[in-house]
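Novice: Structure file target-v2.cif (mmCIF, C-alpha atoms (C1' of nucleotides)) is given on the next line.
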```cif
data_my_file
loop_
_atom_site.label_atom_id
_atom_site.label_comp_id
_atom_site.auth_asym_id
_atom_site.auth_seq_id
_atom_site.Cartn_x
_atom_site.Cartn_y
_atom_site.Cartn_z
CA MET A 1 210.35 72.23 -151.63
CA ALA A 2 209.67 75.11 -149.32
CA VAL A 3 206.02 76.04 -149.29
CA ARG A 4 205.83 79.35 -151.05
CA LYS A 5 203.44 81.77 -149.59
CA PRO A 6 202.75 84.05 -152.53
CA ARG A 7 200.56 86.93 -151.65
CA LEU A 8 197.46 87.04 -153.71
CA GLY A 9 196.24 89.93 -155.76
CA ARG A 10 192.85 90.92 -156.99
CA ASP A 11 193.56 89.23 -160.29
CA ASP A 12 194.22 85.85 -158.74
CA TRP A 13 190.77 85.89 -157.24
CA THR A 14 189.20 87.01 -160.50
CA ALA A 15 190.92 84.30 -162.48
CA ALA A 16 189.94 81.67 -159.95
CA ALA A 17 186.36 82.88 -160.10
CA LEU A 18 186.24 82.58 -163.88
CA THR A 19 187.70 79.10 -163.70
CA ALA A 20 185.14 78.13 -161.11
CA ILE A 21 182.36 79.39 -163.37
CA GLY A 22 183.61 77.10 -166.08
CA GLU A 23 183.61 74.15 -163.76
CA GLN A 24 180.62 74.65 -161.52
CA GLY A 25 178.76 77.65 -162.78
CA LEU A 26 177.88 80.66 -160.73
CA ALA A 27 177.58 78.58 -157.60
CA GLY A 28 181.31 78.01 -157.84
CA VAL A 29 181.88 81.67 -157.19
CA ALA A 30 181.69 81.22 -153.43
CA VAL A 31 184.13 82.92 -151.16
CA GLU A 32 184.97 80.16 -148.75
CA PRO A 33 185.45 77.37 -151.30
CA LEU A 34 187.52 79.63 -153.52
CA ALA A 35 189.65 80.62 -150.58
CA ALA A 36 190.26 76.98 -149.76
CA ARG A 37 191.25 76.32 -153.34
CA LEU A 38 193.63 79.22 -153.38
CA GLY A 39 195.12 78.05 -150.11
CA THR A 40 194.06 81.11 -148.21
CA THR A 41 191.11 82.37 -146.20
CA LYS A 42 188.25 84.78 -146.40
CA GLY A 43 190.41 87.37 -144.72
CA SER A 44 192.29 87.77 -147.97
CA PHE A 45 189.18 87.97 -150.04
CA TYR A 46 187.44 90.66 -148.09
CA TRP A 47 190.61 92.71 -148.23
CA HIS A 48 190.55 92.80 -152.03
CA PHE A 49 186.81 92.84 -152.60
CA ALA A 50 183.84 94.42 -150.95
CA ASN A 51 181.70 91.34 -151.34
CA ARG A 52 180.88 88.41 -153.56
CA ASP A 53 179.17 90.52 -156.17
CA ALA A 54 182.26 92.65 -156.61
CA LEU A 55 184.23 89.53 -157.45
CA LEU A 56 181.57 88.47 -159.88
CA GLU A 57 181.66 91.82 -161.64
CA ALA A 58 185.40 91.58 -161.98
CA ALA A 59 185.17 88.06 -163.37
CA LEU A 60 182.52 89.13 -165.87
CA SER A 61 184.60 92.03 -167.01
CA SER A 62 187.51 89.70 -167.57
CA TRP A 63 185.15 87.42 -169.45
CA ASP A 64 184.17 90.27 -171.77
CA GLU A 65 187.77 90.78 -172.67
CA THR A 66 188.86 87.21 -173.32
CA TYR A 67 185.63 85.73 -174.61
CA THR A 68 184.47 88.49 -176.92
CA ASP A 69 186.98 91.25 -177.55
CA GLU A 70 189.93 88.99 -178.00
CA ILE A 71 188.33 86.46 -180.27
CA LEU A 72 186.74 89.10 -182.46
CA ARG A 73 190.10 90.82 -182.82
CA THR A 74 191.74 87.57 -183.83
CA VAL A 75 189.08 86.60 -186.31
CA ASP A 76 188.97 90.05 -187.79
CA ALA A 77 192.52 89.58 -189.03
CA GLU A 78 191.25 87.18 -191.68
CA PRO A 79 191.29 88.64 -195.19
CA ASP A 80 187.64 88.53 -196.20
CA PRO A 81 184.20 88.31 -194.57
CA ALA A 82 183.55 84.69 -195.49
CA ALA A 83 186.87 83.64 -194.04
CA ARG A 84 186.17 85.63 -190.88
CA LEU A 85 182.85 83.95 -190.35
CA ARG A 86 184.34 80.59 -191.02
CA ALA A 87 187.20 81.23 -188.61
CA LEU A 88 184.77 82.46 -185.99
CA PHE A 89 182.61 79.44 -186.43
CA ILE A 90 185.52 77.07 -186.06
CA ALA A 91 187.00 78.92 -183.13
CA VAL A 92 183.86 78.92 -181.06
CA THR A 93 182.70 75.40 -181.77
CA ALA A 94 186.02 73.68 -181.25
CA SER A 95 187.30 74.90 -177.95
CA GLU A 96 186.99 74.80 -174.22
CA ARG A 97 185.16 78.08 -174.11
CA ALA A 98 181.86 76.31 -174.06
CA PRO A 99 181.48 75.53 -170.35
CA VAL A 100 181.95 79.11 -169.25
CA GLU A 101 179.52 80.38 -171.84
CA VAL A 102 176.93 77.82 -170.97
CA HIS A 103 177.19 78.31 -167.24
CA LEU A 104 176.96 82.05 -167.61
CA HIS A 105 173.85 81.79 -169.71
CA ALA A 106 172.43 79.51 -167.06
CA ALA A 107 173.02 82.16 -164.43
CA ALA A 108 171.44 85.05 -166.26
CA ASP A 109 168.88 85.49 -163.53
CA HIS A 110 171.62 87.37 -161.70
CA PRO A 111 171.46 90.97 -162.90
CA ALA A 112 175.19 91.39 -163.37
CA VAL A 113 175.38 88.24 -165.43
CA ALA A 114 172.33 89.26 -167.41
CA SER A 115 173.89 92.53 -168.40
CA ALA A 116 177.10 90.79 -169.39
CA MET A 117 175.09 88.49 -171.61
CA ARG A 118 173.34 91.44 -173.17
CA ARG A 119 176.66 93.08 -173.95
CA ALA A 120 177.97 89.88 -175.49
CA VAL A 121 174.97 89.18 -177.68
CA ALA A 122 174.89 92.73 -178.95
CA ARG A 123 178.57 92.85 -179.85
CA ARG A 124 178.73 89.39 -181.33
CA THR A 125 175.62 89.52 -183.44
CA ALA A 126 176.58 92.99 -184.63
CA TYR A 127 179.91 91.64 -185.80
CA ILE A 128 178.35 88.70 -187.59
CA ALA A 129 175.75 90.91 -189.20
CA SER A 130 178.41 93.31 -190.44
CA GLN A 131 180.21 90.45 -192.14
CA LEU A 132 176.99 89.27 -193.71
CA THR A 133 176.18 92.66 -195.13
CA ALA A 134 179.69 92.72 -196.55
CA LEU A 135 178.74 89.48 -198.25
CA GLY A 136 175.79 91.15 -199.91
CA PHE A 137 172.89 90.48 -197.59
CA ASP A 138 170.71 93.46 -196.95
CA GLN A 139 170.69 94.84 -193.43
CA ALA A 140 167.49 93.21 -192.22
CA GLU A 141 168.32 89.79 -193.58
CA ALA A 142 171.84 90.05 -192.22
CA GLU A 143 170.51 90.76 -188.76
CA ARG A 144 168.10 87.88 -188.98
CA ARG A 145 170.79 85.48 -190.02
CA ALA A 146 173.20 86.78 -187.43
CA LEU A 147 170.70 86.14 -184.69
CA PHE A 148 169.92 82.78 -186.19
CA ALA A 149 173.59 81.87 -186.21
CA TYR A 150 173.99 83.03 -182.66
CA ALA A 151 170.99 81.06 -181.44
CA THR A 152 172.39 78.00 -183.15
CA TYR A 153 175.71 78.58 -181.47
CA ILE A 154 174.10 78.88 -178.06
CA GLY A 155 172.08 75.73 -178.60
CA HIS A 156 175.11 73.87 -179.86
CA ILE A 157 177.38 74.59 -176.92
CA GLN A 158 174.49 73.91 -174.63
CA LEU A 159 174.19 70.43 -176.07
CA VAL A 160 177.92 69.90 -176.10
CA VAL A 161 178.23 70.75 -172.44
CA ARG A 162 175.01 69.28 -171.09
CA ILE A 163 174.30 66.30 -173.30
CA PRO A 164 177.49 65.46 -175.18
CA GLU A 165 176.12 62.10 -176.30
CA ALA A 166 173.65 63.94 -178.49
CA VAL A 167 176.38 65.59 -180.52
CA PRO A 168 178.24 63.61 -183.16
CA GLN A 169 181.98 63.10 -183.00
CA GLY A 170 184.83 63.30 -185.47
CA PRO A 171 183.92 63.19 -189.15
CA ALA A 172 180.22 63.11 -188.41
CA LEU A 173 180.67 66.33 -186.47
CA GLU A 174 182.43 67.87 -189.46
CA ALA A 175 179.56 66.92 -191.70
CA TYR A 176 177.10 68.28 -189.19
CA LEU A 177 178.86 71.59 -188.89
CA GLY A 178 179.04 71.76 -192.65
CA THR A 179 175.29 71.39 -192.87
CA VAL A 180 174.84 74.09 -190.28
CA LEU A 181 177.24 76.57 -191.79
CA ALA A 182 175.72 76.13 -195.22
CA ALA A 183 172.24 76.67 -193.85
CA VAL A 184 173.19 79.81 -191.99
CA LEU A 185 174.99 81.32 -194.94
CA GLY A 186 172.17 80.61 -197.33
CA GLU A 187 172.89 77.11 -198.55
CA ASN A 188 175.84 78.23 -200.65
CA GLY A 189 177.50 81.10 -198.85
CA LYS A 190 175.93 83.74 -201.03
CA PRO A 191 172.77 85.70 -200.53
CA ALA A 192 169.72 83.86 -201.68
CA ALA A 193 167.32 85.62 -203.96
CA ASN A 194 164.91 87.73 -201.98
CA MET B 195 134.98 83.17 -147.03
CA ALA B 196 136.03 80.43 -144.70
CA VAL B 197 139.64 79.48 -145.16
CA ARG B 198 139.56 76.06 -146.74
CA LYS B 199 142.15 73.69 -145.49
CA PRO B 200 142.47 71.28 -148.38
CA ARG B 201 144.74 68.41 -147.70
CA LEU B 202 147.55 68.19 -150.13
CA GLY B 203 148.50 65.22 -152.22
CA ARG B 204 151.70 64.16 -153.86
CA ASP B 205 150.54 65.74 -157.10
CA ASP B 206 150.10 69.17 -155.58
CA TRP B 207 153.73 69.15 -154.57
CA THR B 208 154.96 67.99 -157.97
CA ALA B 209 152.89 70.57 -159.76
CA ALA B 210 154.20 73.29 -157.47
CA ALA B 211 157.73 72.07 -158.05
CA LEU B 212 157.33 72.24 -161.82
CA THR B 213 155.91 75.73 -161.54
CA ALA B 214 158.80 76.76 -159.35
CA ILE B 215 161.26 75.42 -161.91
CA GLY B 216 159.66 77.63 -164.51
CA GLU B 217 159.97 80.65 -162.29
CA GLN B 218 163.23 80.21 -160.46
CA GLY B 219 164.90 77.16 -161.85
CA LEU B 220 166.03 74.21 -159.85
CA ALA B 221 166.77 76.40 -156.86
CA GLY B 222 163.05 76.98 -156.62
CA VAL B 223 162.55 73.35 -155.79
CA ALA B 224 163.25 73.92 -152.12
CA VAL B 225 161.12 72.30 -149.49
CA GLU B 226 160.62 75.13 -147.10
CA PRO B 227 159.81 77.85 -149.64
CA LEU B 228 157.45 75.53 -151.49
CA ALA B 229 155.73 74.65 -148.26
CA ALA B 230 155.26 78.31 -147.49
CA ARG B 231 153.79 78.86 -150.91
CA LEU B 232 151.40 75.99 -150.55
CA GLY B 233 150.38 77.29 -147.17
CA THR B 234 151.67 74.28 -145.33
CA THR B 235 154.85 73.06 -143.70
CA LYS B 236 157.68 70.62 -144.18
CA GLY B 237 155.73 68.13 -142.14
CA SER B 238 153.45 67.62 -145.10
CA PHE B 239 156.26 67.34 -147.57
CA TYR B 240 158.22 64.68 -145.77
CA TRP B 241 155.08 62.66 -145.42
CA HIS B 242 154.63 62.44 -149.18
CA PHE B 243 158.27 62.35 -150.25
CA ALA B 244 161.44 60.81 -148.94
CA ASN B 245 163.51 63.86 -149.72
CA ARG B 246 164.03 66.71 -152.11
CA ASP B 247 165.37 64.50 -154.87
CA ALA B 248 162.25 62.38 -154.84
CA LEU B 249 160.19 65.48 -155.50
CA LEU B 250 162.51 66.45 -158.30
CA GLU B 251 162.18 63.05 -159.92
CA ALA B 252 158.43 63.29 -159.76
CA ALA B 253 158.48 66.75 -161.29
CA LEU B 254 160.77 65.60 -164.08
CA SER B 255 158.55 62.68 -164.84
CA SER B 256 155.59 65.00 -165.07
CA TRP B 257 157.68 67.21 -167.31
CA ASP B 258 158.33 64.29 -169.66
CA GLU B 259 154.64 63.77 -170.04
CA THR B 260 153.47 67.31 -170.65
CA TYR B 261 156.50 68.74 -172.40
CA THR B 262 157.34 65.92 -174.76
CA ASP B 263 154.75 63.14 -174.96
CA GLU B 264 151.77 65.40 -175.08
CA ILE B 265 153.05 67.86 -177.63
CA LEU B 266 154.33 65.17 -179.94
CA ARG B 267 150.96 63.44 -179.77
CA THR B 268 149.19 66.67 -180.65
CA VAL B 269 151.48 67.56 -183.50
CA ASP B 270 151.40 64.07 -184.89
CA ALA B 271 147.73 64.49 -185.64
CA GLU B 272 148.61 66.82 -188.51
CA PRO B 273 148.08 65.26 -191.93
CA ASP B 274 151.57 65.34 -193.43
CA PRO B 275 155.20 65.60 -192.29
CA ALA B 276 155.71 69.18 -193.38
CA ALA B 277 152.60 70.28 -191.52
CA ARG B 278 153.74 68.37 -188.44
CA LEU B 279 157.10 70.08 -188.41
CA ARG B 280 155.51 73.41 -188.95
CA ALA B 281 153.01 72.85 -186.16
CA LEU B 282 155.78 71.68 -183.87
CA PHE B 283 157.87 74.70 -184.68
CA ILE B 284 155.04 77.08 -183.98
CA ALA B 285 153.96 75.32 -180.82
CA VAL B 286 157.36 75.37 -179.20
CA THR B 287 158.41 78.86 -180.17
CA ALA B 288 155.19 80.60 -179.26
CA SER B 289 154.37 79.50 -175.77
CA GLU B 290 155.20 79.69 -172.13
CA ARG B 291 157.01 76.41 -172.19
CA ALA B 292 160.30 78.17 -172.64
CA PRO B 293 161.16 79.06 -169.04
CA VAL B 294 160.87 75.52 -167.79
CA GLU B 295 162.92 74.14 -170.64
CA VAL B 296 165.61 76.73 -170.20
CA HIS B 297 165.84 76.36 -166.46
CA LEU B 298 166.03 72.61 -166.74
CA HIS B 299 168.84 72.80 -169.23
CA ALA B 300 170.59 75.15 -166.88
CA ALA B 301 170.36 72.58 -164.11
CA ALA B 302 171.68 69.63 -166.06
CA ASP B 303 174.59 69.29 -163.67
CA HIS B 304 172.14 67.45 -161.45
CA PRO B 305 172.13 63.81 -162.55
CA ALA B 306 168.36 63.38 -162.50
CA VAL B 307 167.90 66.48 -164.62
CA ALA B 308 170.65 65.39 -166.96
CA SER B 309 168.99 62.10 -167.64
CA ALA B 310 165.66 63.81 -168.24
CA MET B 311 167.35 66.04 -170.77
CA ARG B 312 168.87 63.03 -172.48
CA ARG B 313 165.49 61.40 -172.74
CA ALA B 314 163.97 64.55 -174.17
CA VAL B 315 166.66 65.18 -176.78
CA ALA B 316 166.56 61.59 -177.94
CA ARG B 317 162.80 61.46 -178.34
CA ARG B 318 162.42 64.87 -179.87
CA THR B 319 165.21 64.67 -182.39
CA ALA B 320 164.11 61.19 -183.35
CA TYR B 321 160.65 62.50 -184.09
CA ILE B 322 161.94 65.39 -186.16
CA ALA B 323 164.29 63.12 -188.05
CA SER B 324 161.51 60.70 -188.84
CA GLN B 325 159.48 63.52 -190.36
CA LEU B 326 162.46 64.65 -192.38
CA THR B 327 163.07 61.22 -193.80
CA ALA B 328 159.41 61.10 -194.72
CA LEU B 329 160.09 64.29 -196.63
CA GLY B 330 162.80 62.59 -198.63
CA PHE B 331 166.00 63.32 -196.74
CA ASP B 332 168.25 60.35 -196.33
CA GLN B 333 168.74 59.09 -192.80
CA ALA B 334 172.09 60.74 -192.07
CA GLU B 335 171.07 64.12 -193.40
CA ALA B 336 167.76 63.89 -191.58
CA GLU B 337 169.56 63.28 -188.31
CA ARG B 338 171.91 66.16 -188.94
CA ARG B 339 169.09 68.53 -189.67
CA ALA B 340 167.06 67.30 -186.75
CA LEU B 341 169.91 68.02 -184.38
CA PHE B 342 170.47 71.33 -186.07
CA ALA B 343 166.85 72.24 -185.62
CA TYR B 344 166.93 71.19 -182.00
CA ALA B 345 170.07 73.19 -181.28
CA THR B 346 168.44 76.20 -182.85
CA TYR B 347 165.37 75.66 -180.73
CA ILE B 348 167.44 75.46 -177.56
CA GLY B 349 169.35 78.59 -178.45
CA HIS B 350 166.19 80.43 -179.35
CA ILE B 351 164.34 79.78 -176.12
CA GLN B 352 167.53 80.53 -174.25
CA LEU B 353 167.61 83.96 -175.82
CA VAL B 354 163.91 84.51 -175.37
CA VAL B 355 164.10 83.76 -171.68
CA ARG B 356 167.45 85.27 -170.81
CA ILE B 357 167.86 88.17 -173.19
CA PRO B 358 164.45 88.96 -174.63
CA GLU B 359 165.65 92.30 -176.02
CA ALA B 360 167.80 90.37 -178.47
CA VAL B 361 164.82 88.68 -180.06
CA PRO B 362 162.61 90.59 -182.47
CA GLN B 363 158.91 91.09 -181.83
CA GLY B 364 155.75 90.85 -183.86
CA PRO B 365 156.14 90.85 -187.64
CA ALA B 366 159.93 90.94 -187.42
CA LEU B 367 159.75 87.76 -185.36
CA GLU B 368 157.60 86.15 -188.03
CA ALA B 369 160.14 87.03 -190.66
CA TYR B 370 162.91 85.75 -188.48
CA LEU B 371 161.22 82.44 -187.84
CA GLY B 372 160.52 82.16 -191.55
CA THR B 373 164.20 82.52 -192.28
CA VAL B 374 165.02 79.89 -189.70
CA LEU B 375 162.44 77.38 -190.80
CA ALA B 376 163.47 77.73 -194.40
CA ALA B 377 167.10 77.21 -193.51
CA VAL B 378 166.43 74.12 -191.46
CA LEU B 379 164.23 72.55 -194.08
CA GLY B 380 166.67 73.21 -196.88
CA GLU B 381 165.80 76.68 -198.07
CA ASN B 382 162.64 75.50 -199.76
CA GLY B 383 161.21 72.71 -197.67
CA LYS B 384 162.46 69.99 -199.95
CA PRO B 385 165.66 68.03 -199.83
CA ALA B 386 168.54 69.84 -201.42
CA ALA B 387 170.54 68.05 -204.04
CA ASN B 388 173.24 65.99 -202.44
"C1'" DC C 389 131.85 57.46 -128.83
"C1'" DC C 390 136.18 55.60 -129.39
"C1'" DT C 391 140.00 54.07 -132.08
"C1'" DC C 392 143.12 54.10 -135.61
"C1'" DC C 393 145.28 55.79 -139.50
"C1'" DT C 394 146.35 59.53 -142.39
"C1'" DC C 395 148.14 63.73 -142.71
"C1'" DC C 396 150.27 67.94 -140.88
"C1'" DA C 397 152.57 71.40 -137.32
"C1'" DT C 398 156.45 72.47 -134.43
"C1'" DA C 399 160.79 72.12 -132.82
"C1'" DC C 400 165.58 70.63 -133.31
"C1'" DG C 401 170.18 69.77 -135.06
"C1'" DG C 402 173.36 70.32 -138.81
"C1'" DA C 403 175.59 71.98 -143.15
"C1'" DA C 404 177.15 75.57 -146.21
"C1'" DC C 405 177.65 80.24 -147.08
"C1'" DC C 406 178.01 85.47 -146.36
"C1'" DG C 407 179.89 89.25 -144.13
"C1'" DT C 408 182.23 91.57 -139.83
"C1'" DA C 409 185.59 92.21 -136.23
"C1'" DT C 410 189.91 92.01 -134.68
"C1'" DG C 411 194.52 90.67 -134.00
"C1'" DG C 412 198.54 89.78 -135.83
"C1'" DA C 413 202.88 88.80 -139.51
"C1'" DG C 414 206.05 90.69 -142.96
"C1'" DA C 415 208.30 93.99 -145.57
"C1'" DG C 416 209.87 98.47 -146.73
"C1'" DA C 417 210.94 103.46 -144.86
"C1'" DC C 418 213.81 105.84 -141.95
"C1'" DG D 419 215.71 98.46 -134.65
"C1'" DT D 420 211.33 100.44 -134.76
"C1'" DC D 421 207.20 102.08 -137.27
"C1'" DT D 422 203.75 101.67 -140.31
"C1'" DC D 423 201.09 99.99 -143.94
"C1'" DT D 424 199.59 96.06 -146.47
"C1'" DC D 425 197.81 91.84 -146.38
"C1'" DC D 426 195.96 87.67 -144.16
"C1'" DA D 427 194.17 84.26 -140.23
"C1'" DT D 428 190.72 83.25 -136.84
"C1'" DA D 429 186.64 83.59 -134.65
"C1'" DC D 430 181.75 85.06 -134.58
"C1'" DG D 431 176.97 85.83 -135.66
"C1'" DG D 432 173.38 85.50 -139.14
"C1'" DT D 433 170.73 83.29 -143.01
"C1'" DT D 434 168.75 79.63 -145.59
"C1'" DC D 435 168.11 75.41 -146.47
"C1'" DC D 436 167.90 69.93 -145.48
"C1'" DG D 437 166.30 66.20 -142.90
"C1'" DT D 438 164.47 64.01 -138.29
"C1'" DA D 439 161.62 63.51 -134.27
"C1'" DT D 440 157.54 63.80 -132.18
"C1'" DG D 441 153.10 65.15 -130.96
"C1'" DG D 442 148.83 66.10 -132.18
"C1'" DA D 443 143.91 66.98 -135.45
"C1'" DG D 444 140.40 65.06 -137.83
"C1'" DG D 445 137.84 61.99 -140.30
"C1'" DA D 446 136.40 56.65 -141.44
"C1'" DG D 447 135.11 52.37 -139.34
"C1'" DG D 448 133.49 49.80 -135.96
#
```
The structure in this file should be written as structure tokens.
Specialist:
Amino acid sequence: MAVRKPRLGRDDWTAAALTAIGEQGLAGVAVEPLAARLGTTKGSFYWHFANRDALLEAALSSWDETYTDEILRTVDAEPDPAARLRALFIAVTASERAPVEVHLHAAADHPAVASAMRRAVARRTAYIASQLTALGFDQAEAERRALFAYATYIGHIQLVVRIPEAVPQGPALEAYLGTVLAAVLGENGKPAAN
Amino acid sequence: MAVRKPRLGRDDWTAAALTAIGEQGLAGVAVEPLAARLGTTKGSFYWHFANRDALLEAALSSWDETYTDEILRTVDAEPDPAARLRALFIAVTASERAPVEVHLHAAADHPAVASAMRRAVARRTAYIASQLTALGFDQAEAERRALFAYATYIGHIQLVVRIPEAVPQGPALEAYLGTVLAAVLGENGKPAAN
DNA sequence: CCTCCTCCATACGGAACCGTATGGAGAGAC
DNA sequence: GTCTCTCCATACGGTTCCGTATGGAGGAGG
């Protein structure tokens, strides 16, 4: 049971920062508390990073990768557009991603966070819209519905994280999500008459 | 141009706090900065309030009144349920209420804020659901759609406040909101076949 | 005019962070 | 074994906020 004294790398700090965001939001990205949690001191931190903002940038970049790139890659392996949207929908509503997303949105007054959010919205809605056009929606309607779906997603995770009592559980949740998915896809998954 | 020295009351502080929430979020509810802005000092504040939390409670209570009670009263004057929902939808999407709502949601880790949010969600979704049942939806479906509508609202104002570039402007916004309203109401404003 | 009673100013002390300065401790190069 | 380079610990000083203590200013009542 010797106390290991593993030297920390930049990545350990970044990972800890992202975890802290999920738990406490941007305020959790604080040098001294993080150091305490990692069992080290500020001396380590300021060796690897110039300042707090540099850590935040690194954490956001890591967030881009795991919370957008990765999931879109995974979902894109599905065979057809409808299945991709469905898989995406399930993946993002039924996981522990929500707290990080919600806390980041809440911290968008910080410029670095704001630009990360912009990147995310752009990439995600573009992907959704591309699937919708593949389903037969024209470009404008696809963009509208993509944004609509994204807004609904944001609102949903917001409620799940902030006011979980407001969101149904179990089968009721299934029914709810069914209602939502149907509404977003045009009540029957096919383009409605324009 | 004599510099008036109006004595401040409890209400001046609560109003300033609510304004600050709209501009800077919960962090804006800070005694010393608020005092500076009101042209006074902490001495005044701690005369009227026990501490920062007391001010926050007062601000939240005021928020209840103007951001939920009042608007529901206004909207409820419309002649029929569909008109009420439409009026509600327009009122909440097209105003300056958004920043306060968004910032409060972002601060729901604070217990007092969390309970205010719970109150708001409960009252608002209940109202929407009651209008939907009046339109012919059965209770369960009305509740689902009410929550759906509320989630969409939350997500929408979140985007408007945090990433305004993502939200269309002018006529495109009209079209977008049309798509959304139609989807929430069942593609045609009447209950879909179950 | 004097006295309270209400309201506010000033001055502290303390907590939680950020960022800097500086002195090591440990491991590989030789 | 010594040197050096990487990494970390400790100690400061500075900022921003909370909350308390205490001493007035200024008007309402007598």
Novice: Once the PyMOL selection byres ((chain A) within 10 of (chain B)) has been applied to the shown file, what residues remain in the selection, as a ChimeraX atom specification?
Specialist: /A:24-25,102-109,114-115,117-118,121-122,125,140-141,143-145,147-168,172-173,175-180,182-187,192
Novice: Apply the PyMOL selection byres ((chain B) within 8 of (chain D)) to the structure shown and report the selected residues as a list of chain:residue names.
Specialist: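 On the file shown, the PyMOL selection byres ((chain B) within 8 of (chain D)) covers B:Ala224, B:Glu226, B:Asn245.
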Novice: Name the residues captured by the PyMOL selection byres ((chain C) within 10 of (chain B)) when it is applied to the shown file; answer as a list in words.
Specialist: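 Applied to this file, the PyMOL selection byres ((chain C) within 10 of (chain B)) selects DT394, DC395, DC396, DA397 and DT398 of chain C.
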Novice: Take CA of Glu174 in chain A and CA of Asp64 in chain A and report the distance between them in Å, one decimal.
Specialist: 28.6 Å
Novice: Between B:Ala248, B:Leu220, B:Ala277, B:Leu266, which has the minimum distance to Arg317 in chain B (counting all atoms listed in the file)?
Specialist: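 Nearest to Arg317 in chain B: B:Leu266.
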Novice: Mind giving me the straight-line distance from CA of Ala134 in chain A to CA of Val92 in chain A in Å, one decimal?
Specialist: 21.2 Å
Novice: What is the distance between CA of Gly216 in chain B and CA of Glu295 in chain B, in Å to one decimal?
Specialist: 7.8 Å
Novice: Once you count all atoms listed in the file, which residues end up no further than 9 Å from (152.1, 65.2, -183.7) in the file's frame, shown as a list in words?
Specialist: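 Within the cut-off we find Glu264, Ile265, Leu266, Arg267, Thr268, Val269, Asp270, Ala271, Glu272, Arg278, Leu279, Ala281, Leu282 and Tyr321 of chain B.
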